file my_file_13.pdb (PDB, C-alpha atoms)
MODEL        1
ATOM      1  CA  MET D  22       0.000   0.000   0.000
ATOM      2  CA  PRO D  23       1.648   3.288  -1.069
ATOM      3  CA  LYS D  24       1.987   6.237   1.290
ATOM      4  CA  PRO D  25      -0.512   8.960   0.357
ATOM      5  CA  THR D  26       2.254  11.548  -0.158
ATOM      6  CA  THR D  27       4.777   9.435  -2.084
ATOM      7  CA  ILE D  28       5.726  10.742  -5.547
ATOM      8  CA  TYR D  29       5.926   8.122  -8.324
ATOM      9  CA  PHE D  30       7.492   8.220 -11.781
ATOM     10  CA  SER D  31       5.701   6.649 -14.735
ATOM     11  CA  TYR D  32       7.906   6.828 -17.823
ATOM     12  CA  ALA D  33       9.476   4.841 -20.659
ATOM     13  CA  TRP D  34      13.172   4.120 -20.305
ATOM     14  CA  GLY D  35      15.572   5.765 -22.737
ATOM     15  CA  ASP D  36      17.063   3.854 -25.660
ATOM     16  CA  GLN D  37      19.680   4.164 -28.401
ATOM     17  CA  ASN D  38      17.191   5.445 -30.984
ATOM     18  CA  GLU D  39      16.592   8.776 -29.245
ATOM     19  CA  THR D  40      17.685  12.081 -30.735
ATOM     20  CA  GLY D  41      18.349  15.240 -28.741
ATOM     21  CA  GLU D  42      18.258  15.195 -24.949
ATOM     22  CA  SER D  43      17.377  11.799 -23.551
ATOM     23  CA  ARG D  44      13.882  11.597 -22.083
ATOM     24  CA  GLU D  45      15.368   9.526 -19.281
ATOM     25  CA  GLN D  46      17.967  12.215 -18.537
ATOM     26  CA  ILE D  47      15.123  14.648 -17.912
ATOM     27  CA  ILE D  48      13.624  12.154 -15.455
ATOM     28  CA  ASN D  49      17.035  11.662 -13.817
ATOM     29  CA  ASP D  50      17.468  15.422 -13.335
ATOM     30  CA  LEU D  51      13.946  15.821 -11.979
ATOM     31  CA  TYR D  52      14.409  12.855  -9.640
ATOM     32  CA  ASP D  53      17.643  14.347  -8.271
ATOM     33  CA  THR D  54      16.001  17.740  -7.737
ATOM     34  CA  LEU D  55      13.056  16.276  -5.830
ATOM     35  CA  LYS D  56      15.306  13.924  -3.858
ATOM     36  CA  ASN D  57      17.520  16.821  -2.794
ATOM     37  CA  ARG D  58      14.421  18.673  -1.606
ATOM     38  CA  GLY D  59      13.538  15.771   0.662
ATOM     39  CA  TYR D  60      10.484  14.351  -1.073
ATOM     40  CA  ASP D  61       9.519  10.699  -0.662
ATOM     41  CA  LEU D  62      10.055   9.191  -4.132
ATOM     42  CA  ARG D  63       9.427   5.820  -5.769
ATOM     43  CA  ARG D  64      10.959   4.932  -9.136
ATOM     44  CA  ASP D  65      11.433   1.516 -10.708
ATOM     45  CA  LYS D  66      15.188   1.785 -11.313
ATOM     46  CA  MET D  67      15.795   2.842  -7.724
ATOM     47  CA  ASP D  68      13.155   0.883  -5.821
ATOM     48  CA  LEU D  69      12.322  -2.266  -7.780
ATOM     49  CA  GLY D  70      15.016  -4.657  -6.616
ATOM     50  CA  TYR D  71      16.380  -7.744  -8.298
ATOM     51  CA  LYS D  72      13.514 -10.207  -8.873
ATOM     52  CA  GLY D  73      10.983  -7.597  -7.760
ATOM     53  CA  LEU D  74       7.614  -8.091  -9.429
ATOM     54  CA  ILE D  75       6.947  -5.522 -12.145
ATOM     55  CA  SER D  76       3.206  -6.203 -11.950
ATOM     56  CA  GLU D  77       3.103  -5.293  -8.241
ATOM     57  CA  PHE D  78       5.083  -2.103  -8.824
ATOM     58  CA  MET D  79       2.728  -1.116 -11.645
ATOM     59  CA  GLN D  80      -0.266  -1.619  -9.363
ATOM     60  CA  GLU D  81       1.417   0.463  -6.657
ATOM     61  CA  ILE D  82       1.931   3.319  -9.102
ATOM     62  CA  GLY D  83      -1.714   2.971 -10.120
ATOM     63  CA  GLU D  84      -2.736   3.612  -6.503
ATOM     64  CA  GLY D  85      -0.465   6.643  -6.116
ATOM     65  CA  ASN D  86      -1.772  10.138  -5.391
ATOM     66  CA  LEU D  87       1.156  11.937  -7.038
ATOM     67  CA  VAL D  88       2.428  10.431 -10.278
ATOM     68  CA  ILE D  89       4.779  12.200 -12.683
ATOM     69  CA  VAL D  90       3.828  10.954 -16.153
ATOM     70  CA  ALA D  91       6.452  11.491 -18.867
ATOM     71  CA  ILE D  92       4.622  11.396 -22.204
ATOM     72  CA  SER D  93       6.545  10.052 -25.203
ATOM     73  CA  ASP D  94       5.847   7.855 -28.209
ATOM     74  CA  LYS D  95       7.496   4.932 -26.452
ATOM     75  CA  TYR D  96       5.343   5.546 -23.369
ATOM     76  CA  LEU D  97       2.123   5.575 -25.387
ATOM     77  CA  LYS D  98       3.039   2.252 -27.021
ATOM     78  CA  SER D  99       4.266   0.509 -23.868
ATOM     79  CA  PRO D 100       1.855  -1.949 -22.216
ATOM     80  CA  TYR D 101       3.640  -1.403 -18.891
ATOM     81  CA  CYS D 102       3.399   2.400 -18.989
ATOM     82  CA  MET D 103      -0.119   2.543 -20.368
ATOM     83  CA  PHE D 104      -1.368   0.029 -17.824
ATOM     84  CA  GLU D 105       0.081   2.233 -15.064
ATOM     85  CA  LEU D 106      -1.838   5.174 -16.527
ATOM     86  CA  TYR D 107      -5.002   3.101 -16.863
ATOM     87  CA  GLU D 108      -4.665   1.919 -13.246
ATOM     88  CA  ILE D 109      -4.390   5.529 -12.052
ATOM     89  CA  TYR D 110      -7.602   6.230 -13.965
ATOM     90  CA  ARG D 111      -9.339   3.119 -12.615
ATOM     91  CA  ASN D 112      -8.318   3.965  -9.038
ATOM     92  CA  SER D 113      -9.737   7.439  -9.675
ATOM     93  CA  LYS D 114     -13.074   5.635 -10.200
ATOM     94  CA  LEU D 115     -12.897   6.589 -13.897
ATOM     95  CA  ASP D 116     -13.474  10.192 -12.869
ATOM     96  CA  LYS D 117     -11.614  12.771 -14.958
ATOM     97  CA  ALA D 118     -11.359  15.385 -12.184
ATOM     98  CA  GLU D 119      -9.842  12.909  -9.720
ATOM     99  CA  PHE D 120      -7.511  11.485 -12.377
ATOM    100  CA  VAL D 121      -6.233  14.958 -13.270
ATOM    101  CA  LYS D 122      -5.490  15.697  -9.597
ATOM    102  CA  ARG D 123      -3.252  12.660  -9.298
ATOM    103  CA  ILE D 124      -1.053  12.979 -12.378
ATOM    104  CA  PHE D 125       1.616  15.531 -13.299
ATOM    105  CA  PRO D 126       2.141  15.121 -17.058
ATOM    106  CA  ILE D 127       5.247  16.349 -18.827
ATOM    107  CA  HIS D 128       5.850  16.085 -22.562
ATOM    108  CA  VAL D 129       9.367  14.728 -23.022
ATOM    109  CA  GLU D 130       8.441  14.330 -26.701
ATOM    110  CA  SER D 131       5.952  16.314 -28.766
ATOM    111  CA  ILE D 132       2.769  14.323 -29.424
ATOM    112  CA  ASN D 133       0.018  16.256 -31.213
ATOM    113  CA  PHE D 134      -3.249  14.754 -30.015
ATOM    114  CA  ASN D 135      -5.105  17.569 -31.785
ATOM    115  CA  ASP D 136      -4.277  15.825 -35.063
ATOM    116  CA  PRO D 137      -6.857  13.072 -35.721
ATOM    117  CA  LEU D 138      -4.302  11.180 -37.813
ATOM    118  CA  VAL D 139      -1.953  10.989 -34.839
ATOM    119  CA  LEU D 140      -4.729   9.806 -32.554
ATOM    120  CA  ASP D 141      -5.854   7.282 -35.141
ATOM    121  CA  GLU D 142      -2.318   5.880 -35.300
ATOM    122  CA  TYR D 143      -2.263   5.138 -31.573
ATOM    123  CA  LEU D 144      -5.814   3.812 -31.477
ATOM    124  CA  GLY D 145      -4.945   1.542 -34.392
ATOM    125  CA  TYR D 146      -1.759   0.403 -32.661
ATOM    126  CA  TRP D 147      -3.648  -0.764 -29.580
ATOM    127  CA  GLU D 148      -6.424  -2.293 -31.659
ATOM    128  CA  GLU D 149      -3.789  -4.394 -33.432
ATOM    129  CA  LYS D 150      -2.256  -5.441 -30.110
ATOM    130  CA  LYS D 151      -5.666  -6.438 -28.772
ATOM    131  CA  THR D 152      -6.402  -8.471 -31.913
ATOM    132  CA  ALA D 153      -3.008 -10.192 -31.733
ATOM    133  CA  TRP D 154      -3.621 -11.216 -28.120
ATOM    134  CA  SER D 155      -7.152 -12.394 -28.898
ATOM    135  CA  ASN D 156      -5.847 -14.515 -31.762
ATOM    136  CA  LEU D 157      -3.177 -16.015 -29.517
ATOM    137  CA  ILE D 158      -5.728 -16.865 -26.822
ATOM    138  CA  SER D 159      -8.022 -18.511 -29.383
ATOM    139  CA  LYS D 160      -5.194 -20.483 -30.968
ATOM    140  CA  ARG D 161      -3.386 -21.537 -27.781
ATOM    141  CA  MET D 162      -6.222 -21.738 -25.272
ATOM    142  CA  ASP D 163      -4.953 -24.988 -23.722
ATOM    143  CA  GLN D 164      -1.429 -23.597 -23.348
ATOM    144  CA  ILE D 165      -2.272 -20.193 -21.876
ATOM    145  CA  GLY D 166      -2.217 -19.738 -18.106
ATOM    146  CA  PRO D 167      -3.737 -17.064 -15.839
ATOM    147  CA  GLU D 168      -0.742 -14.721 -16.148
ATOM    148  CA  LEU D 169      -1.066 -14.455 -19.933
ATOM    149  CA  PHE D 170      -4.834 -14.109 -19.711
ATOM    150  CA  ALA D 171      -4.167 -11.153 -17.410
ATOM    151  CA  GLU D 172      -1.848  -9.611 -20.021
ATOM    152  CA  HIS D 173      -4.605 -10.014 -22.589
ATOM    153  CA  ASP D 174      -7.035  -8.216 -20.288
ATOM    154  CA  LYS D 175      -4.566  -5.353 -19.745
ATOM    155  CA  VAL D 176      -4.227  -4.759 -23.467
ATOM    156  CA  LYS D 177      -8.011  -4.852 -23.909
ATOM    157  CA  GLN D 178      -8.431  -2.260 -21.153
ATOM    158  CA  ILE D 179      -5.760  -0.004 -22.652
ATOM    159  CA  SER D 180      -7.333  -0.277 -26.112
ATOM    160  CA  ALA D 181     -10.792   0.536 -24.753
ATOM    161  CA  LYS D 182      -9.683   3.558 -22.697
ATOM    162  CA  PHE D 183      -6.817   4.983 -24.752
ATOM    163  CA  GLY D 184      -9.035   7.619 -26.364
ATOM    164  CA  ASP D 185     -10.253   8.883 -22.973
ATOM    165  CA  LEU D 186      -6.754   8.964 -21.493
ATOM    166  CA  ALA D 187      -5.340  10.790 -24.510
ATOM    167  CA  ALA D 188      -8.165  13.338 -24.375
ATOM    168  CA  PHE D 189      -7.552  14.018 -20.680
ATOM    169  CA  ILE D 190      -3.819  14.509 -21.209
ATOM    170  CA  LYS D 191      -4.495  16.767 -24.206
ATOM    171  CA  ASP D 192      -6.810  18.869 -22.065
ATOM    172  CA  MET D 193      -4.147  19.452 -19.376
ATOM    173  CA  ASN D 194      -1.533  22.177 -19.725
ATOM    174  CA  ALA D 195       1.460  19.837 -19.533
ATOM    175  CA  LEU D 196       5.026  21.107 -19.384
ATOM    176  CA  THR D 197       7.555  20.809 -22.199
ATOM    177  CA  PRO D 198      11.170  19.974 -21.256
ATOM    178  CA  PHE D 199      12.189  23.609 -21.826
ATOM    179  CA  LEU D 200       9.562  24.984 -19.441
ATOM    180  CA  LEU D 201      10.027  22.084 -17.051
ATOM    181  CA  ILE D 202      13.694  22.707 -16.280
ATOM    182  CA  GLU D 203      13.326  26.461 -15.707
ATOM    183  CA  ASN D 204      14.435  27.495 -12.195
ATOM    184  CA  ASP D 205      15.206  23.908 -11.198
ATOM    185  CA  PHE D 206      11.736  22.537 -12.073
ATOM    186  CA  GLU D 207       9.991  25.289 -10.096
ATOM    187  CA  LYS D 208       6.602  25.066 -11.845
ATOM    188  CA  LEU D 209       6.330  21.337 -11.229
ATOM    189  CA  VAL D 210       7.494  21.652  -7.617
ATOM    190  CA  ILE D 211       4.799  24.285  -6.958
ATOM    191  CA  ALA D 212       2.129  21.985  -8.435
ATOM    192  CA  ILE D 213       3.364  19.089  -6.269
ATOM    193  CA  GLU D 214       3.366  21.251  -3.139
ATOM    194  CA  THR D 215      -0.211  22.348  -3.844
ATOM    195  CA  ARG D 216      -1.305  18.725  -4.150
ATOM    196  CA  LEU D 217       0.613  17.726  -1.005
ATOM    197  CA  VAL D 218      -1.157  20.405   1.016
ATOM    198  CA  GLU D 219      -4.490  19.089  -0.251
ATOM    199  CA  LEU D 220      -3.582  15.509   0.654
ATOM    200  CA  LYS D 221      -2.334  16.403   4.126
ATOM    201  CA  ILE D 222      -5.606  18.210   4.826
ATOM    202  CA  GLN D 223      -7.506  15.099   3.715
ATOM    203  CA  ILE D 224      -5.333  12.806   5.865
TER     204      ILE D 224
ENDMDL
END
call {"tool": "encode", "arguments": {"input": "my_file_13.pdb", "output": "structure tokens"}}
result
Amino acid sequence: MPKPTTIYFSYAWGDQNETGESREQIINDLYDTLKNRGYDLRRDKMDLGYKGLISEFMQEIGEGNLVIVAISDKYLKSPYCMFELYEIYRNSKLDKAEFVKRIFPIHVESINFNDPLVLDEYLGYWEEKKTAWSNLISKRMDQIGPELFAEHDKVKQISAKFGDLAAFIKDMNALTPFLLIENDFEKLVIAIETRLVELKIQI
């Protein structure tokens, strides 16, 4: 069970195909800034030990009250990342206002959700993933155990709710890397402090 005031990081790891500043370097810098300020942080690379269960960590993030969500193409196509985002939404009782309170989105890559062709690409991507899993289940029913059935369900949930999640993120004034790093992440820190005050009053 996560602490109500723990800050989580939901992001896609960097890779060799990136151009410009690494999206993970931005997360590293932000993590260091928040750590130096004394916040209670949880991040997979720091807190998920050897043989730790990724599924349990994803569920923990999904229950978090303060989750920094780093939006990138890799994030939007990752079943791990998108399930974390879906779990945050589900634990917000599928309520947009509550979901928006709990996430702090930053655009580490530019994704134009105002373009219907861009949105169609992602919706199509998850539709294809759902179909692939459904075909596998039908073909290998006798060989598929509960764990893989659960993966199938995750992809179905992501496919069904991707449009809602994308619309919510589009509607929020998320920070670009340039605005994010100004004054040592001041804008994001102020937003976190505002949420922490709200949570402490509730507790």
call {"tool": "resolve_selection", "arguments": {"input": "my_file_13.pdb", "expression": "the PyMOL selection byres ((chain D and resi 23-32) around 10)", "output": "PyMOL selection string"}}
result
chain D and resi 22+33-35+44-45+48+51-52+55+60-65+79-93+95-97+99+101-103+105-106+123-127+129+213+216-218+220-221+223-224
call {"tool": "write_last_selection", "arguments": {"input": "my_file_13.pdb", "atoms": "C-alpha atoms", "output": "PDB file, in the frame of the given file"}}
result
ATOM      1  CA  MET D  22       0.000   0.000   0.000  1.00  0.00           C
ATOM      2  CA  ALA D  33       9.476   4.841 -20.659  1.00  0.00           C
ATOM      3  CA  TRP D  34      13.172   4.120 -20.305  1.00  0.00           C
ATOM      4  CA  GLY D  35      15.572   5.765 -22.737  1.00  0.00           C
ATOM      5  CA  ARG D  44      13.882  11.597 -22.083  1.00  0.00           C
ATOM      6  CA  GLU D  45      15.368   9.526 -19.281  1.00  0.00           C
ATOM      7  CA  ILE D  48      13.624  12.154 -15.455  1.00  0.00           C
ATOM      8  CA  LEU D  51      13.946  15.821 -11.979  1.00  0.00           C
ATOM      9  CA  TYR D  52      14.409  12.855  -9.640  1.00  0.00           C
ATOM     10  CA  LEU D  55      13.056  16.276  -5.830  1.00  0.00           C
ATOM     11  CA  TYR D  60      10.484  14.351  -1.073  1.00  0.00           C
ATOM     12  CA  ASP D  61       9.519  10.699  -0.662  1.00  0.00           C
ATOM     13  CA  LEU D  62      10.055   9.191  -4.132  1.00  0.00           C
ATOM     14  CA  ARG D  63       9.427   5.820  -5.769  1.00  0.00           C
ATOM     15  CA  ARG D  64      10.959   4.932  -9.136  1.00  0.00           C
ATOM     16  CA  ASP D  65      11.433   1.516 -10.708  1.00  0.00           C
ATOM     17  CA  MET D  79       2.728  -1.116 -11.645  1.00  0.00           C
ATOM     18  CA  GLN D  80      -0.266  -1.619  -9.363  1.00  0.00           C
ATOM     19  CA  GLU D  81       1.417   0.463  -6.657  1.00  0.00           C
ATOM     20  CA  ILE D  82       1.931   3.319  -9.102  1.00  0.00           C
ATOM     21  CA  GLY D  83      -1.714   2.971 -10.120  1.00  0.00           C
ATOM     22  CA  GLU D  84      -2.736   3.612  -6.503  1.00  0.00           C
ATOM     23  CA  GLY D  85      -0.465   6.643  -6.116  1.00  0.00           C
ATOM     24  CA  ASN D  86      -1.772  10.138  -5.391  1.00  0.00           C
ATOM     25  CA  LEU D  87       1.156  11.937  -7.038  1.00  0.00           C
ATOM     26  CA  VAL D  88       2.428  10.431 -10.278  1.00  0.00           C
ATOM     27  CA  ILE D  89       4.779  12.200 -12.683  1.00  0.00           C
ATOM     28  CA  VAL D  90       3.828  10.954 -16.153  1.00  0.00           C
ATOM     29  CA  ALA D  91       6.452  11.491 -18.867  1.00  0.00           C
ATOM     30  CA  ILE D  92       4.622  11.396 -22.204  1.00  0.00           C
ATOM     31  CA  SER D  93       6.545  10.052 -25.203  1.00  0.00           C
ATOM     32  CA  LYS D  95       7.496   4.932 -26.452  1.00  0.00           C
ATOM     33  CA  TYR D  96       5.343   5.546 -23.369  1.00  0.00           C
ATOM     34  CA  LEU D  97       2.123   5.575 -25.387  1.00  0.00           C
ATOM     35  CA  SER D  99       4.266   0.509 -23.868  1.00  0.00           C
ATOM     36  CA  TYR D 101       3.640  -1.403 -18.891  1.00  0.00           C
ATOM     37  CA  CYS D 102       3.399   2.400 -18.989  1.00  0.00           C
ATOM     38  CA  MET D 103      -0.119   2.543 -20.368  1.00  0.00           C
ATOM     39  CA  GLU D 105       0.081   2.233 -15.064  1.00  0.00           C
ATOM     40  CA  LEU D 106      -1.838   5.174 -16.527  1.00  0.00           C
ATOM     41  CA  ARG D 123      -3.252  12.660  -9.298  1.00  0.00           C
ATOM     42  CA  ILE D 124      -1.053  12.979 -12.378  1.00  0.00           C
ATOM     43  CA  PHE D 125       1.616  15.531 -13.299  1.00  0.00           C
ATOM     44  CA  PRO D 126       2.141  15.121 -17.058  1.00  0.00           C
ATOM     45  CA  ILE D 127       5.247  16.349 -18.827  1.00  0.00           C
ATOM     46  CA  VAL D 129       9.367  14.728 -23.022  1.00  0.00           C
ATOM     47  CA  ILE D 213       3.364  19.089  -6.269  1.00  0.00           C
ATOM     48  CA  ARG D 216      -1.305  18.725  -4.150  1.00  0.00           C
ATOM     49  CA  LEU D 217       0.613  17.726  -1.005  1.00  0.00           C
ATOM     50  CA  VAL D 218      -1.157  20.405   1.016  1.00  0.00           C
ATOM     51  CA  LEU D 220      -3.582  15.509   0.654  1.00  0.00           C
ATOM     52  CA  LYS D 221      -2.334  16.403   4.126  1.00  0.00           C
ATOM     53  CA  GLN D 223      -7.506  15.099   3.715  1.00  0.00           C
ATOM     54  CA  ILE D 224      -5.333  12.806   5.865  1.00  0.00           C
TER      55      ILE D 224
END
call {"tool": "atom_distance", "arguments": {"input": "my_file_13.pdb", "atom1": "CA of Trp147 (chain D)", "atom2": "CA of Ser180 (chain D)"}}
result
5.1 Å
call {"tool": "residues_around", "arguments": {"input": "my_file_13.pdb", "residues": "region 149-165 of chain D", "least_positions_apart": "3", "cutoff": "12 Å", "atoms": "all atoms listed in the file", "output": "PDB file with C-alpha atoms, keeping the file's coordinate frame"}}
result
ATOM      1  CA  LYS D  98       3.039   2.252 -27.021  1.00  0.00           C
ATOM      2  CA  SER D  99       4.266   0.509 -23.868  1.00  0.00           C
ATOM      3  CA  PRO D 100       1.855  -1.949 -22.216  1.00  0.00           C
ATOM      4  CA  ASP D 141      -5.854   7.282 -35.141  1.00  0.00           C
ATOM      5  CA  GLU D 142      -2.318   5.880 -35.300  1.00  0.00           C
ATOM      6  CA  TYR D 143      -2.263   5.138 -31.573  1.00  0.00           C
ATOM      7  CA  LEU D 144      -5.814   3.812 -31.477  1.00  0.00           C
ATOM      8  CA  GLY D 145      -4.945   1.542 -34.392  1.00  0.00           C
ATOM      9  CA  TYR D 146      -1.759   0.403 -32.661  1.00  0.00           C
ATOM     10  CA  GLU D 168      -0.742 -14.721 -16.148  1.00  0.00           C
ATOM     11  CA  LEU D 169      -1.066 -14.455 -19.933  1.00  0.00           C
ATOM     12  CA  PHE D 170      -4.834 -14.109 -19.711  1.00  0.00           C
ATOM     13  CA  ALA D 171      -4.167 -11.153 -17.410  1.00  0.00           C
ATOM     14  CA  GLU D 172      -1.848  -9.611 -20.021  1.00  0.00           C
ATOM     15  CA  HIS D 173      -4.605 -10.014 -22.589  1.00  0.00           C
ATOM     16  CA  ASP D 174      -7.035  -8.216 -20.288  1.00  0.00           C
ATOM     17  CA  LYS D 175      -4.566  -5.353 -19.745  1.00  0.00           C
ATOM     18  CA  VAL D 176      -4.227  -4.759 -23.467  1.00  0.00           C
ATOM     19  CA  LYS D 177      -8.011  -4.852 -23.909  1.00  0.00           C
ATOM     20  CA  GLN D 178      -8.431  -2.260 -21.153  1.00  0.00           C
ATOM     21  CA  ILE D 179      -5.760  -0.004 -22.652  1.00  0.00           C
ATOM     22  CA  SER D 180      -7.333  -0.277 -26.112  1.00  0.00           C
ATOM     23  CA  ALA D 181     -10.792   0.536 -24.753  1.00  0.00           C
TER      24      ALA D 181
END
call {"tool": "closest_atom_pairs", "arguments": {"input": "my_file_13.pdb", "of": "region 67-167 of chain D", "to": "region 185-194 of chain D", "cutoff": "8 Å", "atoms": "only C-alpha atoms", "output": "tab-separated table"}}
result
residue	atom	partner	partner_atom	distance
D:Leu106	CA	D:Leu186	CA	7.9
D:Tyr107	CA	D:Leu186	CA	7.7
D:Lys117	CA	D:Phe189	CA	7.1
D:Val121	CA	D:Phe189	CA	7.6
D:Pro126	CA	D:Ile190	CA	7.3
D:Phe134	CA	D:Lys191	CA	6.3
D:Asn135	CA	D:Lys191	CA	7.6
call {"tool": "atom_distance", "arguments": {"input": "my_file_13.pdb", "atom1": "CA of Asp50 (chain D)", "atom2": "CA of Tyr110 (chain D)"}}
result
26.7 Å
call {"tool": "closest_residue", "arguments": {"input": "my_file_13.pdb", "among": "D:Thr215, D:Thr54, D:Ser113, D:Asn133", "to": "Leu201 (chain D)", "atoms": "all atoms listed in the file"}}
result
D:Thr54
call {"tool": "resolve_selection", "arguments": {"input": "my_file_13.pdb", "expression": "the PyMOL selection byres ((chain D and resi 205) around 12)", "output": "list in words"}}
result
Ile47, Asp50, Leu51, Tyr52, Asp53, Thr54, Leu55, Asn57, Arg58, Pro198, Phe199, Leu200, Leu201, Ile202, Glu203, Asn204, Phe206, Glu207, Lys208, Leu209, Val210 and Ile211 of chain D
call {"tool": "atom_distance", "arguments": {"input": "my_file_13.pdb", "atom1": "CA of Lys182 (chain D)", "atom2": "CA of Lys114 (chain D)"}}
result
13.1 Å
call {"tool": "closest_residue", "arguments": {"input": "my_file_13.pdb", "among": "D:Asn49, D:Ala118, D:Ala212, D:Asp94", "to": "Met67 (chain D)", "atoms": "all atoms listed in the file"}}
result
D:Asn49
call {"tool": "build_atoms", "arguments": {"input": "my_file_13.pdb", "residues": "region 56-69 of chain D", "atoms": "N, CA, C and O atoms", "output": "PDB file, in the frame of the given file"}}
result
ATOM      1  N   LYS D  56      14.629  14.654  -4.932  1.00  0.00           N
ATOM      2  CA  LYS D  56      15.306  13.924  -3.858  1.00  0.00           C
ATOM      3  C   LYS D  56      16.065  14.895  -2.955  1.00  0.00           C
ATOM      4  O   LYS D  56      16.026  14.784  -1.718  1.00  0.00           O
ATOM      5  N   ASN D  57      16.755  15.845  -3.567  1.00  0.00           N
ATOM      6  CA  ASN D  57      17.520  16.821  -2.794  1.00  0.00           C
ATOM      7  C   ASN D  57      16.627  17.722  -1.952  1.00  0.00           C
ATOM      8  O   ASN D  57      17.071  18.278  -0.941  1.00  0.00           O
ATOM      9  N   ARG D  58      15.374  17.862  -2.373  1.00  0.00           N
ATOM     10  CA  ARG D  58      14.421  18.673  -1.606  1.00  0.00           C
ATOM     11  C   ARG D  58      13.743  17.865  -0.512  1.00  0.00           C
ATOM     12  O   ARG D  58      12.911  18.408   0.233  1.00  0.00           O
ATOM     13  N   GLY D  59      14.042  16.589  -0.435  1.00  0.00           N
ATOM     14  CA  GLY D  59      13.538  15.771   0.662  1.00  0.00           C
ATOM     15  C   GLY D  59      12.212  15.080   0.438  1.00  0.00           C
ATOM     16  O   GLY D  59      11.609  14.558   1.380  1.00  0.00           O
ATOM     17  N   TYR D  60      11.746  15.039  -0.801  1.00  0.00           N
ATOM     18  CA  TYR D  60      10.484  14.351  -1.073  1.00  0.00           C
ATOM     19  C   TYR D  60      10.658  12.832  -0.993  1.00  0.00           C
ATOM     20  O   TYR D  60      11.742  12.289  -1.229  1.00  0.00           O
ATOM     21  N   ASP D  61       9.556  12.161  -0.681  1.00  0.00           N
ATOM     22  CA  ASP D  61       9.519  10.699  -0.662  1.00  0.00           C
ATOM     23  C   ASP D  61       9.210  10.217  -2.082  1.00  0.00           C
ATOM     24  O   ASP D  61       8.111  10.465  -2.596  1.00  0.00           O
ATOM     25  N   LEU D  62      10.163   9.556  -2.721  1.00  0.00           N
ATOM     26  CA  LEU D  62      10.055   9.191  -4.132  1.00  0.00           C
ATOM     27  C   LEU D  62      10.071   7.681  -4.315  1.00  0.00           C
ATOM     28  O   LEU D  62      10.714   6.952  -3.550  1.00  0.00           O
ATOM     29  N   ARG D  63       9.382   7.232  -5.367  1.00  0.00           N
ATOM     30  CA  ARG D  63       9.427   5.820  -5.769  1.00  0.00           C
ATOM     31  C   ARG D  63       9.601   5.773  -7.285  1.00  0.00           C
ATOM     32  O   ARG D  63       8.819   6.346  -8.044  1.00  0.00           O
ATOM     33  N   ARG D  64      10.639   5.063  -7.715  1.00  0.00           N
ATOM     34  CA  ARG D  64      10.959   4.932  -9.136  1.00  0.00           C
ATOM     35  C   ARG D  64      11.503   3.536  -9.377  1.00  0.00           C
ATOM     36  O   ARG D  64      12.313   3.034  -8.589  1.00  0.00           O
ATOM     37  N   ASP D  65      11.084   2.918 -10.485  1.00  0.00           N
ATOM     38  CA  ASP D  65      11.433   1.516 -10.708  1.00  0.00           C
ATOM     39  C   ASP D  65      12.936   1.237 -10.626  1.00  0.00           C
ATOM     40  O   ASP D  65      13.374   0.293  -9.962  1.00  0.00           O
ATOM     41  N   LYS D  66      13.752   2.067 -11.268  1.00  0.00           N
ATOM     42  CA  LYS D  66      15.188   1.785 -11.313  1.00  0.00           C
ATOM     43  C   LYS D  66      15.851   1.905  -9.946  1.00  0.00           C
ATOM     44  O   LYS D  66      16.921   1.327  -9.721  1.00  0.00           O
ATOM     45  N   MET D  67      15.230   2.656  -9.050  1.00  0.00           N
ATOM     46  CA  MET D  67      15.795   2.842  -7.724  1.00  0.00           C
ATOM     47  C   MET D  67      15.175   1.892  -6.689  1.00  0.00           C
ATOM     48  O   MET D  67      15.827   1.488  -5.743  1.00  0.00           O
ATOM     49  N   ASP D  68      13.907   1.551  -6.889  1.00  0.00           N
ATOM     50  CA  ASP D  68      13.155   0.883  -5.821  1.00  0.00           C
ATOM     51  C   ASP D  68      12.656  -0.522  -6.158  1.00  0.00           C
ATOM     52  O   ASP D  68      12.196  -1.220  -5.261  1.00  0.00           O
ATOM     53  N   LEU D  69      12.725  -0.906  -7.420  1.00  0.00           N
ATOM     54  CA  LEU D  69      12.322  -2.266  -7.780  1.00  0.00           C
ATOM     55  C   LEU D  69      13.568  -3.129  -7.813  1.00  0.00           C
ATOM     56  O   LEU D  69      14.335  -3.104  -8.772  1.00  0.00           O
TER      57      LEU D  69
END
